[in-house]
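What follows is input.txt (compact mmCIF, C-alpha atoms and all ligand atoms).
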```
# COMPACT_ATOMS: atom_id res chain seq x y z
CA MET A 1 -10.62 29.34 12.26
CA GLU A 2 -14.01 28.00 13.21
CA ILE A 3 -14.02 27.00 16.87
CA ILE A 4 -16.54 24.33 17.86
CA ILE A 5 -16.75 23.46 21.55
CA GLN A 6 -18.60 20.26 22.42
CA PRO A 7 -19.58 18.86 25.82
CA SER A 8 -17.26 15.86 25.40
CA ALA A 9 -14.52 14.42 23.23
CA GLU A 10 -17.01 11.76 22.14
CA ALA A 11 -19.48 14.40 20.89
CA ALA A 12 -16.74 16.33 19.08
CA SER A 13 -15.45 13.12 17.47
CA THR A 14 -18.94 12.19 16.29
CA LEU A 15 -19.28 15.60 14.62
CA ALA A 16 -15.85 15.21 13.02
CA ALA A 17 -16.76 11.73 11.75
CA ARG A 18 -19.99 13.06 10.26
CA HIS A 19 -17.97 15.69 8.42
CA VAL A 20 -15.47 13.15 7.05
CA ALA A 21 -18.31 10.79 6.09
CA ARG A 22 -20.08 13.55 4.18
CA LEU A 23 -16.91 14.28 2.23
CA VAL A 24 -16.43 10.58 1.39
CA ARG A 25 -20.06 10.27 0.26
CA GLU A 26 -19.83 13.40 -1.89
CA LYS A 27 -16.39 12.53 -3.24
CA PRO A 28 -15.83 8.75 -3.07
CA ASN A 29 -12.23 9.14 -4.27
CA ALA A 30 -11.40 11.73 -1.59
CA ILE A 31 -7.78 12.19 -0.53
CA LEU A 32 -7.62 12.10 3.27
CA GLY A 33 -4.73 13.23 5.44
CA LEU A 34 -4.71 11.12 8.62
CA ALA A 35 -3.21 11.64 12.06
CA THR A 36 -2.13 9.35 14.89
CA GLY A 37 -2.16 9.81 18.66
CA SER A 38 -4.99 9.19 21.09
CA THR A 39 -7.00 12.21 19.91
CA PRO A 40 -8.43 10.85 16.60
CA LEU A 41 -9.23 7.40 18.02
CA ALA A 42 -12.92 8.08 18.72
CA LEU A 43 -13.27 9.66 15.26
CA TYR A 44 -11.74 6.54 13.69
CA ARG A 45 -14.03 4.28 15.74
CA GLU A 46 -17.07 6.20 14.49
CA LEU A 47 -15.89 6.01 10.85
CA ILE A 48 -15.42 2.27 11.28
CA ARG A 49 -18.96 2.04 12.69
CA LEU A 50 -20.33 4.03 9.74
CA HIS A 51 -18.51 1.67 7.37
CA ARG A 52 -19.88 -1.41 9.15
CA ASP A 53 -23.45 -0.26 9.84
CA ASP A 54 -24.16 2.31 7.11
CA GLY A 55 -21.95 1.00 4.29
CA LEU A 56 -19.66 4.04 4.19
CA ASP A 57 -17.33 2.99 1.38
CA PHE A 58 -13.59 3.70 1.48
CA SER A 59 -12.67 1.58 -1.52
CA HIS A 60 -11.81 4.61 -3.68
CA VAL A 61 -10.36 6.75 -0.88
CA THR A 62 -6.62 7.50 -0.80
CA THR A 63 -4.88 8.29 2.49
CA PHE A 64 -1.66 10.01 3.48
CA ASN A 65 -0.50 9.93 7.08
CA LEU A 66 1.23 12.88 8.63
CA ASP A 67 4.29 11.25 10.09
CA GLU A 68 6.35 8.27 11.24
CA TYR A 69 9.27 7.62 13.58
CA VAL A 70 12.67 7.23 11.93
CA GLY A 71 14.16 3.80 12.61
CA LEU A 72 10.92 1.96 13.39
CA ALA A 73 9.87 -0.89 11.11
CA PRO A 74 6.17 -0.96 10.14
CA THR A 75 5.85 -4.03 12.38
CA HIS A 76 7.15 -2.21 15.48
CA PRO A 77 4.16 -1.90 17.84
CA ALA A 78 4.83 1.82 18.47
CA SER A 79 5.21 2.66 14.76
CA TYR A 80 2.50 4.76 13.19
CA HIS A 81 2.13 2.05 10.53
CA ALA A 82 1.11 -0.39 13.27
CA PHE A 83 -1.10 2.21 14.95
CA MET A 84 -2.99 2.96 11.75
CA HIS A 85 -3.42 -0.69 10.86
CA GLU A 86 -4.71 -1.60 14.30
CA ASN A 87 -7.00 1.39 14.81
CA PHE A 88 -8.23 2.08 11.30
CA PHE A 89 -7.17 0.19 8.20
CA ALA A 90 -7.81 -3.31 9.58
CA HIS A 91 -11.48 -2.40 10.05
CA LEU A 92 -12.49 -0.80 6.77
CA ASN A 93 -11.86 -1.09 3.08
CA VAL A 94 -9.15 1.36 2.03
CA PRO A 95 -7.13 -0.66 -0.54
CA ALA A 96 -3.53 -1.20 0.61
CA SER A 97 -2.28 0.41 -2.62
CA ARG A 98 -4.00 3.68 -1.65
CA ILE A 99 -2.50 3.88 1.87
CA HIS A 100 0.56 6.10 2.30
CA ILE A 101 2.58 6.47 5.50
CA PRO A 102 6.15 7.81 5.57
CA ASP A 103 8.70 4.98 5.72
CA GLY A 104 10.65 5.15 8.97
CA LEU A 105 13.25 2.79 7.47
CA ALA A 106 13.89 4.84 4.30
CA THR A 107 17.62 4.81 3.64
CA ASP A 108 17.61 8.05 1.64
CA ILE A 109 15.28 10.22 3.72
CA PRO A 110 15.40 13.44 1.61
CA THR A 111 14.53 11.46 -1.55
CA HIS A 112 11.76 9.61 0.29
CA CYS A 113 10.33 12.92 1.54
CA ARG A 114 10.34 14.44 -1.94
CA ALA A 115 8.60 11.33 -3.29
CA TYR A 116 5.98 11.62 -0.53
CA GLU A 117 5.26 15.22 -1.52
CA ASP A 118 5.08 14.18 -5.19
CA ALA A 119 2.65 11.38 -4.35
CA ILE A 120 0.33 13.83 -2.56
CA SER A 121 0.44 16.21 -5.54
CA SER A 122 -0.07 13.45 -8.12
CA ALA A 123 -3.08 12.16 -6.18
CA GLY A 124 -4.61 15.63 -6.57
CA GLY A 125 -3.74 17.15 -3.18
CA LEU A 126 -5.32 16.54 0.22
CA ASP A 127 -9.06 17.18 0.38
CA LEU A 128 -9.11 17.06 4.17
CA GLN A 129 -6.37 16.85 6.76
CA ILE A 130 -7.19 15.55 10.24
CA LEU A 131 -4.92 16.93 12.95
CA GLY A 132 -4.30 16.57 16.65
CA ILE A 133 -2.05 18.99 18.49
CA GLY A 134 0.95 18.45 20.74
CA SER A 135 1.05 20.10 24.16
CA ASP A 136 3.69 22.45 22.67
CA GLY A 137 1.50 23.36 19.68
CA HIS A 138 3.05 20.95 17.18
CA ILE A 139 1.01 19.58 14.29
CA GLY A 140 2.21 16.40 12.62
CA PHE A 141 5.65 16.42 14.18
CA ASN A 142 6.35 20.05 13.29
CA GLU A 143 7.85 21.19 16.56
CA PRO A 144 8.02 24.84 17.68
CA SER A 145 10.37 26.85 15.43
CA SER A 146 9.47 24.69 12.40
CA SER A 147 9.29 26.75 9.23
CA LEU A 148 5.67 27.63 8.57
CA ALA A 149 6.41 26.95 4.88
CA SER A 150 8.07 23.56 5.48
CA ARG A 151 7.46 20.44 3.40
CA THR A 152 7.84 16.75 4.28
CA ARG A 153 11.22 16.24 5.93
CA ILE A 154 13.13 14.80 8.88
CA LYS A 155 12.66 16.53 12.25
CA THR A 156 14.14 16.13 15.72
CA LEU A 157 11.63 15.76 18.55
CA THR A 158 11.69 18.05 21.58
CA PRO A 159 12.18 16.45 25.01
CA GLU A 160 8.56 17.45 25.82
CA THR A 161 7.18 15.50 22.84
CA ARG A 162 9.39 12.48 23.59
CA ASP A 163 8.05 12.52 27.17
CA ASP A 164 4.43 12.91 25.97
CA ASN A 165 4.79 9.95 23.61
CA ALA A 166 6.82 7.71 25.94
CA ARG A 167 3.61 5.96 27.02
CA PHE A 168 3.52 4.13 23.69
CA PHE A 169 7.03 2.68 24.17
CA ASP A 170 8.61 0.13 26.54
CA SER A 171 10.74 2.84 28.12
CA PRO A 172 11.21 6.63 27.69
CA ALA A 173 14.71 6.00 26.32
CA SER A 174 13.34 3.98 23.41
CA VAL A 175 11.33 6.89 21.95
CA PRO A 176 13.14 7.75 18.70
CA HIS A 177 14.75 11.20 18.45
CA HIS A 178 13.91 11.63 14.77
CA VAL A 179 10.78 11.51 12.69
CA ILE A 180 9.59 12.10 9.14
CA THR A 181 6.69 14.52 9.02
CA MET A 182 4.63 16.37 6.46
CA GLY A 183 5.61 20.03 6.70
CA VAL A 184 3.47 22.89 7.90
CA GLY A 185 3.24 24.05 4.27
CA THR A 186 2.11 20.56 3.22
CA ILE A 187 -0.66 20.66 5.83
CA MET A 188 -1.67 24.19 4.82
CA ASP A 189 -2.15 23.03 1.21
CA ALA A 190 -4.97 20.69 2.29
CA ARG A 191 -8.30 22.04 1.08
CA GLN A 192 -9.83 21.62 4.56
CA VAL A 193 -8.34 21.02 7.98
CA LEU A 194 -10.02 19.48 11.04
CA LEU A 195 -8.02 20.09 14.21
CA LEU A 196 -9.15 18.05 17.22
CA ALA A 197 -8.01 18.69 20.79
CA PHE A 198 -9.29 17.12 23.98
CA GLY A 199 -8.38 17.50 27.62
CA GLU A 200 -6.94 20.22 29.79
CA LYS A 201 -3.40 19.30 28.78
CA LYS A 202 -4.12 20.84 25.37
CA ALA A 203 -5.81 24.02 26.67
CA HIS A 204 -2.72 26.22 26.58
CA ALA A 205 -1.59 25.06 23.12
CA ILE A 206 -5.12 25.65 21.79
CA ALA A 207 -5.48 29.13 23.32
CA THR A 208 -2.11 30.13 21.87
CA ALA A 209 -2.90 28.64 18.46
CA VAL A 210 -6.37 30.17 18.18
CA GLU A 211 -6.06 33.51 19.94
CA GLY A 212 -2.32 34.17 20.00
CA PRO A 213 -0.23 35.68 17.24
CA ILE A 214 0.78 33.51 14.31
CA THR A 215 4.18 32.21 15.23
CA ALA A 216 6.47 29.30 14.45
CA MET A 217 6.71 28.87 18.22
CA ASN A 218 3.20 27.40 18.02
CA PRO A 219 3.01 25.81 14.54
CA ALA A 220 -0.75 25.22 14.86
CA SER A 221 -1.25 29.01 14.95
CA ILE A 222 -0.66 29.11 11.17
CA LEU A 223 -4.11 27.54 10.81
CA GLN A 224 -5.45 31.07 11.40
CA MET A 225 -4.38 31.63 7.78
CA HIS A 226 -6.19 28.56 6.46
CA PRO A 227 -9.45 29.36 4.63
CA VAL A 228 -11.31 26.24 5.85
CA ALA A 229 -9.96 25.17 9.24
CA LYS A 230 -12.29 23.83 11.91
CA CYS A 231 -11.14 23.32 15.46
CA LEU A 232 -13.20 20.79 17.43
CA LEU A 233 -12.70 20.89 21.19
CA ASP A 234 -14.10 19.37 24.34
CA GLU A 235 -14.77 21.68 27.30
CA PRO A 236 -11.44 21.09 29.11
CA ALA A 237 -9.42 21.91 25.96
CA ALA A 238 -11.38 25.17 25.59
CA THR A 239 -10.85 26.47 29.14
CA GLN A 240 -8.12 28.99 28.25
CA LEU A 241 -9.92 30.56 25.28
CA THR A 242 -10.96 34.08 26.26
CA ARG A 243 -13.79 34.14 23.70
CA ARG A 244 -15.18 30.68 24.32
CA ASP A 245 -18.70 31.98 25.05
CA TYR A 246 -18.71 33.77 21.70
CA TYR A 247 -17.57 30.61 19.84
CA ARG A 248 -20.35 28.61 21.51
CA TRP A 249 -22.91 31.26 20.61
CA VAL A 250 -21.78 31.35 16.97
CA PHE A 251 -22.11 27.57 16.67
CA GLU A 252 -25.55 27.53 18.30
CA GLN A 253 -26.85 30.19 15.89
CA LYS A 254 -25.81 28.29 12.78
CA PRO A 255 -28.44 26.73 10.57
CA GLU A 256 -28.33 22.90 10.74
CA TRP A 257 -26.83 22.59 7.24
CA GLN A 258 -23.87 24.74 8.19
CA LYS A 259 -22.97 22.80 11.32
CA VAL A 260 -20.19 20.28 10.77
C1 LIG B 301 2.09 13.02 18.11
C2 LIG B 301 1.60 13.06 16.68
C3 LIG B 301 0.65 14.20 16.46
C4 LIG B 301 -0.41 14.22 17.54
C5 LIG B 301 0.24 14.38 18.88
C6 LIG B 301 -0.75 14.44 20.01
O1 LIG B 301 3.08 13.93 18.34
N1 LIG B 301 2.67 13.15 15.76
O2 LIG B 301 0.06 14.08 15.17
O3 LIG B 301 -1.32 15.27 17.30
O4 LIG B 301 1.08 13.24 19.08
O5 LIG B 301 -1.03 13.16 20.50
P1 LIG B 301 -2.30 12.79 21.36
O6 LIG B 301 -3.45 12.88 20.45
O7 LIG B 301 -2.03 11.39 21.82
O8 LIG B 301 -2.36 13.78 22.47
```
Write the structure described by the file as structure tokens, please.
Amino acid sequence: MEIIIQPSAEAASTLAARHVARLVREKPNAILGLATGSTPLALYRELIRLHRDDGLDFSHVTTFNLDEYVGLAPTHPASYHAFMHENFFAHLNVPASRIHIPDGLATDIPTHCRAYEDAISSAGGLDLQILGIGSDGHIGFNEPSSSLASRTRIKTLTPETRDDNARFFDSPASVPHHVITMGVGTIMDARQVLLLAFGEKKAHAIATAVEGPITAMNPASILQMHPVAKCLLDEPAATQLTRRDYYRWVFEQKPEWQKV
């Protein structure tokens, strides 16, 4: 994994946006894997700015989101459909027909999950997956103990994740127990992965994922096996990394073209 520590979440998000923008310019029909949560918001804002001010064109881009809550209609304000519309799709030109988000109201969930996997494969596979990380190390909604080879499926949230995400709901009790999420194996098939983590609350999960052993108890740790995984952090999220000075030094020594 390439560890890039930036002075602020804003700076890390700008770097991440530059990386995504370069991919979209080089490959206008790129297949992007998108994430929700507060972490990618600044990255999305910067991509929207690049679309508005620099003409970054998303009209041939296809997107697949990581996950959705089971039981929430796309119109529910806490659904990931609503989140993505409000924070991303409403502001740039990805055609609706190219947007894919798991359907929280699917009646036959296993069939829906297989179709989601098939749609990713038929599109040509994910060129780049954007990820945040849960405080317990989850990616997508792959909670600790998830199979590291898993594919898109239904999962049950841990109490910790339900608590973490309660802020998006009217009350803690209304956070759904179940979700549909791309699997760890689905994420690992992406040709590149950008993992973003900001704030001290993520420091332990990041240290375990980056410097700990690969274990299903921290699903993000499997990214150590990914050939092109970049981990963009702000200072607080990097505080528990024992080799953080080395990671900073490596990044500073890079030629400009090799920086994100
Ligand atoms: C949810 C999402 C994850 C996200 C995580 C962290 O669980 N399913 O994709 O990474 O929240 O959220 P935040 O970025 O708000 O800390």
Next item on the list: Name each residue within 7 Å of ligand LIG 301 (chain B), counting all atoms listed in the file, as a ChimeraX atom specification.
Entry: /A:35-40,66-67,131-134,139-141,161,165
Check: CA of Ala17 (chain A) to CA of Glu46 (chain A): how many Å, to one decimal?
Finding: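 Spanning CA of Ala17 (chain A) to CA of Glu46 (chain A) is a straight-line distance of 6.2 Å.
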Notebook entry, point to check: Between CA of Gln192 (chain A) and CA of Asp127 (chain A), what is the distance, to one decimal in Å?
Noted result: 6.1 Å
Check: Using only C-alpha atoms, which of the listed residues (A:Asp118, A:Glu211, A:Glu68, A:Glu86) sits closest to Lys155 (chain A)?
Finding: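 Selected residue with least distance to Lys155 (chain A): A:Glu68.
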Next item on the list: Taking (7.9, 20.3, 16.4) in the file's own coordinates, collect the residues within 10 Å, counting all atoms listed in the file, and hand them back as a list in words.
Entry: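 I get Gly134, Asp136, Gly137, His138, Ile139, Gly140, Phe141, Asn142, Glu143, Pro144, Ser145, Ser146, Ser147, Lys155, Thr156, Leu157, Thr158, Glu160, Thr161, Val179, Thr181, Gly183, Val184, Ala216, Met217, Asn218 and Pro219 of chain A for the residues within 10 Å of that point.
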Check: Which is closer to Leu41 (chain A) than all the others in A:Thr63, A:Thr14, A:Thr75, A:Ser135, using only C-alpha atoms?
Finding: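 Counting only C-alpha atoms, the residue closest to Leu41 (chain A) is A:Thr14.
Proximity to Leu72 (chain A) was assessed for A:Leu34, A:Ala106, A:Val94, A:Ala173 counting all atoms listed in the file; the smallest distance is recorded for A:Ala106.
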